[in-house]
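Asker: Please read through the structure below; I'll follow up with questions.
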Amino acid sequence: MTDRSNIPVLVADDDADIRELVAFKLEQAGYAVTKVADGSAALDAIRAHPPRLAVLDVMMPGLSGIDVLRQVRADGAFDGVRVILLTARSRDHDVDAGFASGADDYVVKPFSPRELLHRVTIVLQRS
Amino acid sequence: MTSTTSIAVVASAADEARDVVEAVLDAIAIPVLAYFVLISTSLLILILLAAWEFSHHLRRIAFARREEKVSSLLAPGISVIVPMYNEQAGIVASIMSLLALRYPRHEVVVVDDGSTDDGFGTLREAFDLVEVRREIPDDIPSQLGASSVHVPRDGWTRLTVIRKDNSGRSESVNVGINAATEELIVLVDADSILEPDALITVTKPFADDPTRVVATGGVVRVANGCNVRSGRVTTARMPTTWLPRIQVVEYLRAFYLGRAGWSRLRALILISGAFGVFRRDVVVEVGGLDRHSIGEDFELVMRVHRHLRRKKRLYDIRFVAEPVCWTEVPSTLRVLRRQRSRWHRGLWETLWTYRGMTMNPRYGRVGMIALPYYWLFELVAPLIEFFGLLFVLVGLALGVINVPYAMLFLLVAYGYSMLVTLASLTIEELSFHRYSRWRDLGVTAVAAVIENVGYRQATVWWRLEGWWSSLTRRRAVWGTMTRQGFVDDVGATSGGE
Amino acid sequence: MNSTLSRHLLFVAIVVVTAACVLMISITGVARVLRTRSTRHDADARDAVHHAVLVVAAGEDDGSAASWLGSLARRDRDAAGAMIVGLLPKLQGEPAEVLVEIVRGYGSLDRAAGDLTSRSAVTRARAAWTLGLTRDHNDVEKVRPLLSDRSSEVRLAAVETLGRLRDVDAAGPILDTLSPSGGRAGVPAVTVAEALMRLGGGIVDELRVALADDDPARRDVAARVAGHQQLIALTPHLRQLLADDPSDVVRVSAAEALGRIGGIDDAAALAATCAETEPSPLRRAAAAALGELGHPAALPTLAALLGDRDRRLAEISASSLLEFGVEGRNVLDGVAADAEHGRAAAFALELDRLRGEPRGAR
């Protein structure tokens with residue numbers, strides 16, 4: 001199995017259940033996970049210690065996942081940060097908005113943790 | 001006339017006077033008692049109605065998943081409108097917390113009413129504002145419109161800051177409404193602190209019944225003494241001084257539960273000035289806030305009632321029985337006095353303006369139940385309390401009134417009211433129990449008692465003062481009155497109680 | 001009032017008031033004590049099961065955590081059950097099924113099935129909701145009768161549950177709950193719409209019927225669902241509603257839906273709806289929909305609206321034009337120079353420029 005312990009991943013979700021679940025799943029897979037509970041903290045964390053990948057919930061108070069995504073993409077220094085959006089919205093229009101803002105992938109709630117891990121692996125392999 | 005005769009004359013005059021007083025007191029003795037029993041009983045009924053509403057509501061939210069409501073595609077858009085006048089100290093934190101509220105689609109519109117401090121400067125720096133050439137629509141005609149419009153440089157953050165020359169809170173709100181782009185508007189004071197889920201909570205009635213609900217209000221609590229971090233109340237604590245403590249009790253009783261009771265009756269006529277939600281199109285239809293009225297938000301609600309009933313449109317104004325907003329209350333006597341005086345004046349003027357609706361069956365429960373109640377038990381109450389107390393004291397001094405009656409009067413007027421307050425505290429404990437420390441509970445109970453020893457009597461006097469000043473019509477001072485009130489009252493709520 | 005009467009009344013009053021005050025204070029105190037005690041219990045129990053539930057939910061369980069959870073004592077079961085029930089709406093896949101089995105092992109589902117006929121409305125409602133978590137289609141028949149329950153709480157829970165259980169056949173009855181017979185309160189439109197959206201695209205027929213219903217609430221819900229669910233087959237009906245529905249609210253919803261899923265014919269229809277004779281909320285919705293639709297045929301209409309008397313309409317038209325890329329910007333540029341009519345266009349361009357500006361790290 002590939003050694004993933006050097007790969008930092010950020011998980012941002014204001015829902016504690018989901019945050020812990022996703023973080024746990026990724027930690028079990030060997031990633032080095034940081035958890036934050038809102039958009040501003042996510043942005044600060046990305047700027048301070050850029051992760052290889054960030055799993056961002058879209059619906060967060062203050063800065064939404066898409067807001068964070070836009071700000072991250074607007075700054076060329078963070079081009080290496082992959083982003084997966086996590087959201088309850090699944091309509092095509094919003095999926096497009098997510099990709100248009102620079103997301104690498106999109107996972108819809110209710111989600112399967114295994115599926116999420118799978119997506120994380122794929123997105124990281126692509127880069 | 002000899003000295004004995006003159007003494008006799010004086011004595012008989014005194015006797016006559018005494019007889020008159022005795023006759024008057026005899027006549028009013030029972031009615032006065034009955035009045036106070038009625039007030040407190042009515043409040044008790046309202047509280048029971050509120051308890052019913054709460055229990056319903058609480059059981060419902062026990063298994064209503066809030067997070068799914070947040071992501072709803074069908075959530076109505078909200079524009080939060082914040083009039084600002086010399087709020088430099090806290091405006092940035094306040095606006096940041098408003099932007100951070102949990103809601104899929106909302107914007108914040110700040111209207112700087114010609115502040116003389118550097119509130120705008122702090123906003124510009126914090127949010128990196130740039131001026132844009134936006135033309136604010138004039139759906140509600142205003143005398144002094146926007147002079148400049150600013151948005152954050154990133155172009156995405158949904159914040160709009162409008163600067164205009166000073167012309168009062170009402171007009172500033174109207175300009176904000178004009179600039180608002182969403183279908184619902186939330187009116188908040190610049191120093192109101194909202195709960196993170198406030199927007200979801202208070203717009204639920206609109207989402208449930210989009211064609212009928214036109215306005216909602218939520219519970220406003222006292223922020224003094226609470227731990228506030230990043231514009232959010234993290235722990236609720238009772239204030240440290242007695243004046244705000246007593247106001248906590250007042251808010252719990254008259255506002256918190258009184259409102260819920262009226263809402264249950266579908267006759268709600270008062271939404272707090274500190275926090276109210278309206279359909280934008282309805283507010284525009286009735287012409288926005290009346291800039292000449294001190295009643296402000298209360299007056300607006302009355303106008304909405306009148307307009308929609310005349311048009312025979314089905315509508316609903318609801319109260320959402322959940323705490324959504326925290327506000328600073330006056331902590332000094334001077335500021336409190338000005339606030340209470342202004343409130344009662346606004347109450348009087350609005351009730352008088354809409355006197356045509358009172359006891360008018362055309363206006364349904366609002367006209368037949370709510371308005372007469374407010375006339376009798378809110379407006380006139382301080383007058384009756386004042387004269388009742390006066391007569392009892394005079395009667396006691398003249399020996400016309402026996403002590404048991406005097407004590408009975410005091411008990412009924414104040415003791416019963418204290419009971420009602422304690423009942424509201426109990427219901428609060430059973431429902432939201434926001435004050436977690438035992439100590440706070442004790443303080444609240446004590447405040448409920450001492451409210452009746454001096455505080456209430458003071459508010460009676462101040463309310464009468466406000467009423468009197470209105471009756472003697474100092475019209476020229478109105479504009480400044482609203483603004484002075486806003487300036488000096490550190491965070492006092494404006495509009496109706 | 002004479003002294004004896006006063007004295008008697010006073011005595012009675014004192015007794016009543018004191019007794020009532022004491023009662024209030026006692027209730028408050030007791031309530032607080034009970035509550036603090038139970039919260040503390042809950043917290044302890046939660047920590048114990050938290051990790052196990054997490055392991056199962058993440059799909060990392062080899063079976064030991066699940067069986068441990070299954071063998072819990074009563075008090076811990078309640079905590080575990082509550083935690084699982086909180087997680088289930090957010091999860092799907094195998095871990096969700098395992099969690100459902102654990103909860104079934106607690107007897108919660110059997111209890112819920114039994115509670116469906118409870119006398120208390122809250123209990124019935126909660127039971128319906130609990131069954132919805134299983135996403136087991138077999139439970140559907142048990143929940144359907146609740147759509148006509150006497151309590152509005154229960155009807156609402158039933159609608160939500162059937163949506164979650166993807167009971168496509170219930171689409172019609174769910175729509176019926178909007179305006180039940182017998183003067184009952186209808187289920188909120190939002191709840192009905194969200195439930196219908198869970199049912200997927202198979203409900204086109206029911207929606208078609210609803211679009212022609214007498215009740216404007218039903219037409220409104222059907223229009224919104226059609227738009228969000230991309231049910232293109234219904235666009236002719238939506239166009240009809242847009243043209244001549246008696247209710248403005250319905251027309252606005254039809255406009256929004258057509259913006260999402262319309263084609264070239266609808267661009268023309270929406271453009272016509274922007275005419276000055278139409279009510280302003282409708283004009284604004286149509287202008288926004290034209291932007292969403294993105295069909296170039298709309299450009300002239302939107303351009304003409306830039307100078308409209310309704311300034312908000314002008315703003316919406318300007319931001320709609322931005323959706324058209326270069327062509328839209330050209331139109332805006334052309335009008336922006338005009339002092340009187342160009343302000344909305346100028347603002348839209350300004351905003352667009354701000355958004356496009358790249359910024360270095362702050």
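In the structure tokens, each chain is lettered A, B, ... as it comes, each chain's residues begin at 1, and ligands are numbered from 1 in order of appearance.
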Residues near stretch 8-14 of chain A, anyone? I mean within 8 Å using only C-alpha atoms, not counting same-chain ones fewer than 5 positions away, as number ranges by chain.
Answerer: A: 19, 22-23, 31-39, 42, 46, 51-57, 60-61
Asker: Please produce a file of the residues just selected, as a PDB file, in the first residue's frame, where the atoms kept are N, CA and C atoms.
Answerer:
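Output file result.pdb follows:
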ATOM      1  N   ARG A  19     -17.834  15.957   9.675  1.00  0.00           N
ATOM      2  CA  ARG A  19     -16.414  16.318   9.763  1.00  0.00           C
ATOM      3  C   ARG A  19     -15.617  15.174  10.358  1.00  0.00           C
ATOM      4  N   VAL A  22     -15.591  11.931   7.969  1.00  0.00           N
ATOM      5  CA  VAL A  22     -14.685  12.048   6.825  1.00  0.00           C
ATOM      6  C   VAL A  22     -13.232  12.017   7.290  1.00  0.00           C
ATOM      7  N   ALA A  23     -12.953  12.774   8.357  1.00  0.00           N
ATOM      8  CA  ALA A  23     -11.580  12.814   8.866  1.00  0.00           C
ATOM      9  C   ALA A  23     -11.128  11.418   9.286  1.00  0.00           C
ATOM     10  N   TYR A  31      -3.891   9.211   5.538  1.00  0.00           N
ATOM     11  CA  TYR A  31      -3.616  10.619   5.271  1.00  0.00           C
ATOM     12  C   TYR A  31      -3.424  11.383   6.563  1.00  0.00           C
ATOM     13  N   ALA A  32      -2.733  12.524   6.436  1.00  0.00           N
ATOM     14  CA  ALA A  32      -2.567  13.403   7.595  1.00  0.00           C
ATOM     15  C   ALA A  32      -3.655  14.463   7.534  1.00  0.00           C
ATOM     16  N   VAL A  33      -4.655  14.315   8.377  1.00  0.00           N
ATOM     17  CA  VAL A  33      -5.864  15.128   8.242  1.00  0.00           C
ATOM     18  C   VAL A  33      -5.922  16.282   9.234  1.00  0.00           C
ATOM     19  N   THR A  34      -6.284  17.452   8.740  1.00  0.00           N
ATOM     20  CA  THR A  34      -6.592  18.594   9.608  1.00  0.00           C
ATOM     21  C   THR A  34      -8.084  18.886   9.477  1.00  0.00           C
ATOM     22  N   LYS A  35      -8.743  19.164  10.599  1.00  0.00           N
ATOM     23  CA  LYS A  35     -10.177  19.445  10.581  1.00  0.00           C
ATOM     24  C   LYS A  35     -10.446  20.901  10.927  1.00  0.00           C
ATOM     25  N   VAL A  36     -11.325  21.513  10.190  1.00  0.00           N
ATOM     26  CA  VAL A  36     -11.793  22.851  10.570  1.00  0.00           C
ATOM     27  C   VAL A  36     -13.303  22.904  10.445  1.00  0.00           C
ATOM     28  N   ALA A  37     -13.893  23.885  11.115  1.00  0.00           N
ATOM     29  CA  ALA A  37     -15.350  23.898  11.190  1.00  0.00           C
ATOM     30  C   ALA A  37     -16.031  24.997  10.390  1.00  0.00           C
ATOM     31  N   ASP A  38     -15.267  25.868   9.743  1.00  0.00           N
ATOM     32  CA  ASP A  38     -15.943  26.852   8.908  1.00  0.00           C
ATOM     33  C   ASP A  38     -15.025  27.358   7.806  1.00  0.00           C
ATOM     34  N   GLY A  39     -15.611  28.179   6.921  1.00  0.00           N
ATOM     35  CA  GLY A  39     -14.891  28.600   5.728  1.00  0.00           C
ATOM     36  C   GLY A  39     -13.668  29.461   6.005  1.00  0.00           C
ATOM     37  N   ALA A  42     -10.923  27.425   7.163  1.00  0.00           N
ATOM     38  CA  ALA A  42     -10.399  26.626   6.047  1.00  0.00           C
ATOM     39  C   ALA A  42      -9.430  27.459   5.224  1.00  0.00           C
ATOM     40  N   ILE A  46      -5.491  26.723   4.718  1.00  0.00           N
ATOM     41  CA  ILE A  46      -4.913  26.485   3.397  1.00  0.00           C
ATOM     42  C   ILE A  46      -3.749  27.431   3.148  1.00  0.00           C
ATOM     43  N   PRO A  51      -2.570  22.193   1.925  1.00  0.00           N
ATOM     44  CA  PRO A  51      -2.698  20.747   1.824  1.00  0.00           C
ATOM     45  C   PRO A  51      -2.644  20.301   0.381  1.00  0.00           C
ATOM     46  N   ARG A  52      -2.505  18.995   0.163  1.00  0.00           N
ATOM     47  CA  ARG A  52      -2.554  18.506  -1.204  1.00  0.00           C
ATOM     48  C   ARG A  52      -3.994  18.489  -1.686  1.00  0.00           C
ATOM     49  N   LEU A  53      -4.891  18.278  -0.729  1.00  0.00           N
ATOM     50  CA  LEU A  53      -6.298  18.220  -1.116  1.00  0.00           C
ATOM     51  C   LEU A  53      -7.159  18.748   0.020  1.00  0.00           C
ATOM     52  N   ALA A  54      -8.241  19.425  -0.355  1.00  0.00           N
ATOM     53  CA  ALA A  54      -9.178  19.924   0.647  1.00  0.00           C
ATOM     54  C   ALA A  54     -10.567  19.401   0.327  1.00  0.00           C
ATOM     55  N   VAL A  55     -11.206  18.830   1.325  1.00  0.00           N
ATOM     56  CA  VAL A  55     -12.604  18.419   1.189  1.00  0.00           C
ATOM     57  C   VAL A  55     -13.433  19.512   1.851  1.00  0.00           C
ATOM     58  N   LEU A  56     -14.202  20.242   1.037  1.00  0.00           N
ATOM     59  CA  LEU A  56     -14.933  21.396   1.553  1.00  0.00           C
ATOM     60  C   LEU A  56     -16.429  21.191   1.452  1.00  0.00           C
ATOM     61  N   ASP A  57     -17.099  21.360   2.559  1.00  0.00           N
ATOM     62  CA  ASP A  57     -18.550  21.364   2.519  1.00  0.00           C
ATOM     63  C   ASP A  57     -18.992  22.695   1.894  1.00  0.00           C
ATOM     64  N   MET A  60     -21.514  26.182   4.418  1.00  0.00           N
ATOM     65  CA  MET A  60     -20.952  26.510   5.727  1.00  0.00           C
ATOM     66  C   MET A  60     -21.270  27.971   6.036  1.00  0.00           C
ATOM     67  N   PRO A  61     -21.379  28.295   7.318  1.00  0.00           N
ATOM     68  CA  PRO A  61     -21.659  29.697   7.644  1.00  0.00           C
ATOM     69  C   PRO A  61     -20.472  30.571   7.265  1.00  0.00           C
TER      70      PRO A  61
END
Asker: Could you pull the residues within 9 Å of B:Ile185, counting only C-alpha atoms, minus those fewer than 6 positions along the same chain, as a PyMOL selection string?
Answerer: chain B and resi 77-81+177+276-280
Asker: Suppose we keep C-alpha atoms; can you now write the selection as a PDB file, in the first residue's frame?
Answerer:
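Produced file part_31.pdb, reproduced below:
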ATOM      1  CA  GLY B  77     -33.642  34.858  -0.526  1.00  0.00           C
ATOM      2  CA  ILE B  78     -33.016  37.343   2.278  1.00  0.00           C
ATOM      3  CA  SER B  79     -31.686  40.886   2.399  1.00  0.00           C
ATOM      4  CA  VAL B  80     -30.541  41.916   5.872  1.00  0.00           C
ATOM      5  CA  ILE B  81     -30.879  45.671   6.238  1.00  0.00           C
ATOM      6  CA  ILE B 177     -35.087  48.309   1.198  1.00  0.00           C
ATOM      7  CA  GLY B 276     -38.256  41.801  12.193  1.00  0.00           C
ATOM      8  CA  VAL B 277     -38.726  40.011   8.877  1.00  0.00           C
ATOM      9  CA  PHE B 278     -41.019  41.218   6.091  1.00  0.00           C
ATOM     10  CA  ARG B 279     -41.835  40.430   2.510  1.00  0.00           C
ATOM     11  CA  ARG B 280     -40.160  43.127   0.509  1.00  0.00           C
TER      12      ARG B 280
END
Asker: Give me the residues within 10 Å of B:Trp156 as a ChimeraX atom specification, counting only C-alpha atoms and dropping any in the same chain fewer than 3 places off.
Answerer: /A:67,70 /B:151-153,159 /C:351-352,354-355
Asker: For the selection just defined, write its residues with all heavy atoms to a file, as a compact mmCIF listing (two decimals), in the first residue's frame.
Answerer:
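Printed below is again-v4.txt as written:
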# COMPACT_ATOMS: atom_id res chain seq x y z
N ASP A 67 -16.98 29.84 -1.94
CA ASP A 67 -16.24 31.08 -1.70
C ASP A 67 -14.78 30.76 -1.43
O ASP A 67 -13.88 31.41 -1.97
CB ASP A 67 -16.81 31.83 -0.48
CG ASP A 67 -18.19 32.38 -0.75
OD1 ASP A 67 -18.47 32.69 -1.92
OD2 ASP A 67 -18.97 32.50 0.22
N ARG A 70 -13.07 29.74 -4.61
CA ARG A 70 -12.77 30.87 -5.50
C ARG A 70 -11.53 31.60 -5.03
O ARG A 70 -10.67 31.96 -5.83
CB ARG A 70 -13.95 31.84 -5.52
CG ARG A 70 -15.04 31.40 -6.42
CD ARG A 70 -15.94 32.56 -6.78
NE ARG A 70 -17.13 32.03 -7.42
CZ ARG A 70 -18.33 32.00 -6.86
NH1 ARG A 70 -18.52 32.50 -5.67
NH2 ARG A 70 -19.35 31.49 -7.52
N VAL B 151 -19.10 48.30 -2.48
CA VAL B 151 -19.13 46.84 -2.29
C VAL B 151 -17.71 46.35 -2.09
O VAL B 151 -16.76 47.04 -2.44
CB VAL B 151 -19.76 46.11 -3.50
CG1 VAL B 151 -21.18 46.54 -3.72
CG2 VAL B 151 -18.92 46.31 -4.74
N PRO B 152 -17.53 45.14 -1.56
CA PRO B 152 -16.18 44.60 -1.39
C PRO B 152 -15.51 44.39 -2.74
O PRO B 152 -16.17 44.07 -3.73
CB PRO B 152 -16.40 43.27 -0.67
CG PRO B 152 -17.70 43.41 0.01
CD PRO B 152 -18.52 44.26 -0.89
N ARG B 153 -14.23 44.56 -2.75
CA ARG B 153 -13.48 44.53 -4.00
C ARG B 153 -13.58 43.20 -4.73
O ARG B 153 -13.48 43.15 -5.94
CB ARG B 153 -12.00 44.85 -3.73
CG ARG B 153 -11.19 45.13 -4.97
CD ARG B 153 -9.73 45.30 -4.59
NE ARG B 153 -9.57 46.40 -3.65
CZ ARG B 153 -9.32 47.65 -4.04
NH1 ARG B 153 -9.21 47.93 -5.30
NH2 ARG B 153 -9.20 48.60 -3.13
N LEU B 159 -22.20 42.10 0.21
CA LEU B 159 -22.36 43.19 1.15
C LEU B 159 -22.45 44.48 0.36
O LEU B 159 -21.70 44.69 -0.58
CB LEU B 159 -21.13 43.26 2.08
CG LEU B 159 -20.99 44.49 2.96
CD1 LEU B 159 -22.11 44.56 3.97
CD2 LEU B 159 -19.65 44.47 3.68
N LEU C 351 -19.02 45.40 -11.73
CA LEU C 351 -19.01 44.23 -10.86
C LEU C 351 -18.27 43.08 -11.52
O LEU C 351 -17.49 42.36 -10.89
CB LEU C 351 -20.46 43.82 -10.58
CG LEU C 351 -20.74 43.19 -9.23
CD1 LEU C 351 -20.27 44.08 -8.11
CD2 LEU C 351 -22.24 42.93 -9.09
N ASP C 352 -18.52 42.93 -12.81
CA ASP C 352 -17.87 41.84 -13.54
C ASP C 352 -16.37 42.01 -13.54
O ASP C 352 -15.60 41.06 -13.37
CB ASP C 352 -18.41 41.82 -14.97
CG ASP C 352 -17.93 40.61 -15.72
OD1 ASP C 352 -18.08 39.51 -15.18
OD2 ASP C 352 -17.38 40.77 -16.82
N LEU C 354 -14.61 43.58 -11.28
CA LEU C 354 -14.09 43.31 -9.94
C LEU C 354 -13.92 41.81 -9.74
O LEU C 354 -12.94 41.35 -9.15
CB LEU C 354 -15.05 43.85 -8.88
CG LEU C 354 -15.07 45.36 -8.67
CD1 LEU C 354 -16.17 45.73 -7.69
CD2 LEU C 354 -13.73 45.85 -8.16
N ARG C 355 -14.86 41.04 -10.24
CA ARG C 355 -14.80 39.61 -10.01
C ARG C 355 -13.69 38.97 -10.79
O ARG C 355 -13.10 37.98 -10.37
CB ARG C 355 -16.12 38.96 -10.43
CG ARG C 355 -17.21 39.25 -9.45
CD ARG C 355 -18.52 38.70 -9.90
NE ARG C 355 -19.53 39.14 -8.96
CZ ARG C 355 -20.83 38.96 -9.14
NH1 ARG C 355 -21.25 38.36 -10.24
NH2 ARG C 355 -21.69 39.38 -8.25
Asker: Mind checking DSSP for stretch 23-74 of chain A and telling me the helix (DSSP H, G or I) residues as a VMD selection string?
Answerer: chain A and resid 23 to 28 39 to 48 65 to 74
Asker: Set the distance at 12 Å and use only C-alpha atoms: which residues neighbour A:Ile122 once local chain neighbours fewer than 4 positions away are removed? I'd like the list as a PyMOL selection string.
Answerer: chain A and resi 53+82-84+104-105+115-118+126-127
Asker: Just to be explicit: take each residue in the selection above, keep C-alpha atoms, and write the result as a compact mmCIF listing (two decimals), in the first residue's frame.
Answerer:
# COMPACT_ATOMS: atom_id res chain seq x y z
CA LEU A 53 -6.30 18.22 -1.12
CA ARG A 82 -6.97 19.87 -5.17
CA VAL A 83 -10.52 20.48 -4.00
CA ILE A 84 -13.47 18.17 -3.58
CA ASP A 104 -11.78 18.90 -8.98
CA ASP A 105 -14.68 16.75 -7.96
CA GLU A 115 -16.93 6.46 -2.44
CA LEU A 116 -15.44 9.61 -0.99
CA LEU A 117 -12.16 7.91 -0.28
CA HIS A 118 -12.18 6.54 -3.79
CA ARG A 126 -4.46 12.82 -11.38
CA SER A 127 -2.21 15.57 -10.15
Asker: Quick one: residues within 8 Å of stretch 87-91 of chain B, only C-alpha atoms, excluding same-chain residues fewer than 2 positions away - as a compact mmCIF listing (two decimals) with C-alpha atoms, in the first residue's frame?
Answerer:
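selection11.txt was written with the following content:
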# COMPACT_ATOMS: atom_id res chain seq x y z
CA MET B 84 -26.11 52.65 10.97
CA TYR B 85 -25.52 55.83 12.89
CA ALA B 93 -17.94 42.61 14.13
CA SER B 94 -21.66 42.97 13.67
CA ILE B 95 -21.53 42.93 9.87
CA ASP B 117 -17.74 59.03 13.42
CA ASP B 118 -15.53 56.84 11.29
CA GLY B 119 -17.81 53.82 11.14
CA PHE B 120 -17.66 53.80 7.38
CA THR B 122 -13.65 50.90 9.59
CA LEU B 123 -16.02 49.05 7.27
CA ALA B 190 -26.61 47.67 14.11
CA ASP B 191 -25.88 46.27 17.53
Asker: Hey, what's within 12 Å of C:Ala345 if we count only C-alpha atoms and toss same-chain stuff fewer than 5 positions away? As JSON, numbers by chain, please?
Answerer: {"B": [132, 133, 134, 135], "C": [302, 303, 304, 305, 306, 307, 308, 311, 312, 313, 314, 315, 316, 317, 318, 319, 320, 321, 322, 328, 329, 330, 331, 332, 333, 334, 335, 336, 337, 338, 339, 340, 350, 351, 352]}
Asker: Do me a favour and pick out the residues of chain C within 9 Å of chain B, using only C-alpha atoms, as a VMD selection string.
Answerer: chain C and resid 1 to 11 13 to 14 17 to 18 20 to 21 24 to 25 27 to 29 31 to 32 86 122 126 129 153 187 to 191 193 to 194 217 224 228 249 281 310 to 312 315 343 to 344 346 to 348 350 to 357 359
Asker: Mind running chain A against chain B at 12 Å and telling me each contacting residue's nearest atom pair with the distance in Å (one decimal), counting only C-alpha atoms, chain and number ascending, as CSV?
Answerer:
residue,atom,partner,partner_atom,distance
A:Asp13,CA,B:Glu67,CA,11.8
A:Asp14,CA,B:Arg102,CA,9.9
A:Asp15,CA,B:Glu67,CA,8.4
A:Ala16,CA,B:Glu67,CA,11.7
A:Asp17,CA,B:Glu67,CA,11.8
A:Ile18,CA,B:Glu67,CA,11.7
A:Asp38,CA,B:Ala100,CA,9.5
A:Gly39,CA,B:Ala100,CA,9.3
A:Ser40,CA,B:Ala100,CA,9.5
A:Asp57,CA,B:Ser71,CA,11.1
A:Val58,CA,B:Ser71,CA,9.2
A:Met59,CA,B:Ser71,CA,6.8
A:Met60,CA,B:Arg102,CA,6.6
A:Pro61,CA,B:Arg102,CA,4.4
A:Gly62,CA,B:Ala100,CA,3.2
A:Leu63,CA,B:Ala100,CA,6.9
A:Ser64,CA,B:Pro104,CA,9.0
A:Gly65,CA,B:Pro104,CA,11.6
A:Ile66,CA,B:Trp156,CA,10.8
A:Asp67,CA,B:Trp156,CA,8.2
A:Val68,CA,B:Trp156,CA,11.4
A:Arg70,CA,B:Trp156,CA,9.5
A:Gln71,CA,B:Asp154,CA,9.0
A:Ala74,CA,B:Asp154,CA,10.1
A:Leu86,CA,B:Ser71,CA,11.8
A:Thr87,CA,B:Ser71,CA,8.3
A:Ala88,CA,B:Ser71,CA,6.4
A:Arg89,CA,B:Ser71,CA,6.8
A:Ser90,CA,B:Leu73,CA,10.0
A:Arg91,CA,B:Leu73,CA,9.3
A:His93,CA,B:Leu73,CA,11.4
A:Asp94,CA,B:Leu73,CA,10.2
A:Val108,CA,B:Ser71,CA,11.8
A:Lys109,CA,B:Glu68,CA,10.2
A:Pro110,CA,B:Glu68,CA,10.8
Asker: Using Å and a single decimal, report how far atom CA of B:Ala267 sits from atom CA of B:Arg303.
Answerer: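 These atoms are spaced 14.0 Å apart.
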Asker: Set the cut-off to 12 Å and count only C-alpha atoms: what are the residues of chain C that reach chain A? Output as a VMD selection string.
Answerer: chain C and resid 50 to 61 83 to 97 133 135 164 194 197 to 198 200 225 227 to 230 259 to 261 292 to 293 355 to 362
Asker: Which polymer residues have any atom within 12 Å of an atom of C:Asp214, counting only C-alpha atoms, with same-chain residues fewer than 4 positions away left out, as a PyMOL selection string?
Answerer: chain C and resi 176+179+209-210+218-220+245-247+250
Asker: May I have the selected residues written with C-alpha atoms, as an mmCIF file, in the first residue's frame?
Answerer:
data_model
loop_
_atom_site.group_PDB
_atom_site.id
_atom_site.type_symbol
_atom_site.label_atom_id
_atom_site.label_comp_id
_atom_site.auth_asym_id
_atom_site.auth_seq_id
_atom_site.Cartn_x
_atom_site.Cartn_y
_atom_site.Cartn_z
ATOM 1 C CA ASP C 176 -52.970 15.983 -2.450
ATOM 2 C CA SER C 179 -54.828 21.106 0.117
ATOM 3 C CA VAL C 209 -51.852 16.606 -13.930
ATOM 4 C CA ALA C 210 -50.879 18.951 -11.125
ATOM 5 C CA ARG C 218 -50.378 22.607 -6.655
ATOM 6 C CA ARG C 219 -49.576 24.291 -9.919
ATOM 7 C CA ASP C 220 -46.880 26.270 -8.184
ATOM 8 C CA ASP C 245 -52.238 31.401 -15.373
ATOM 9 C CA PRO C 246 -54.507 33.514 -13.154
ATOM 10 C CA SER C 247 -52.013 33.447 -10.301
ATOM 11 C CA VAL C 250 -47.509 30.477 -10.435
#
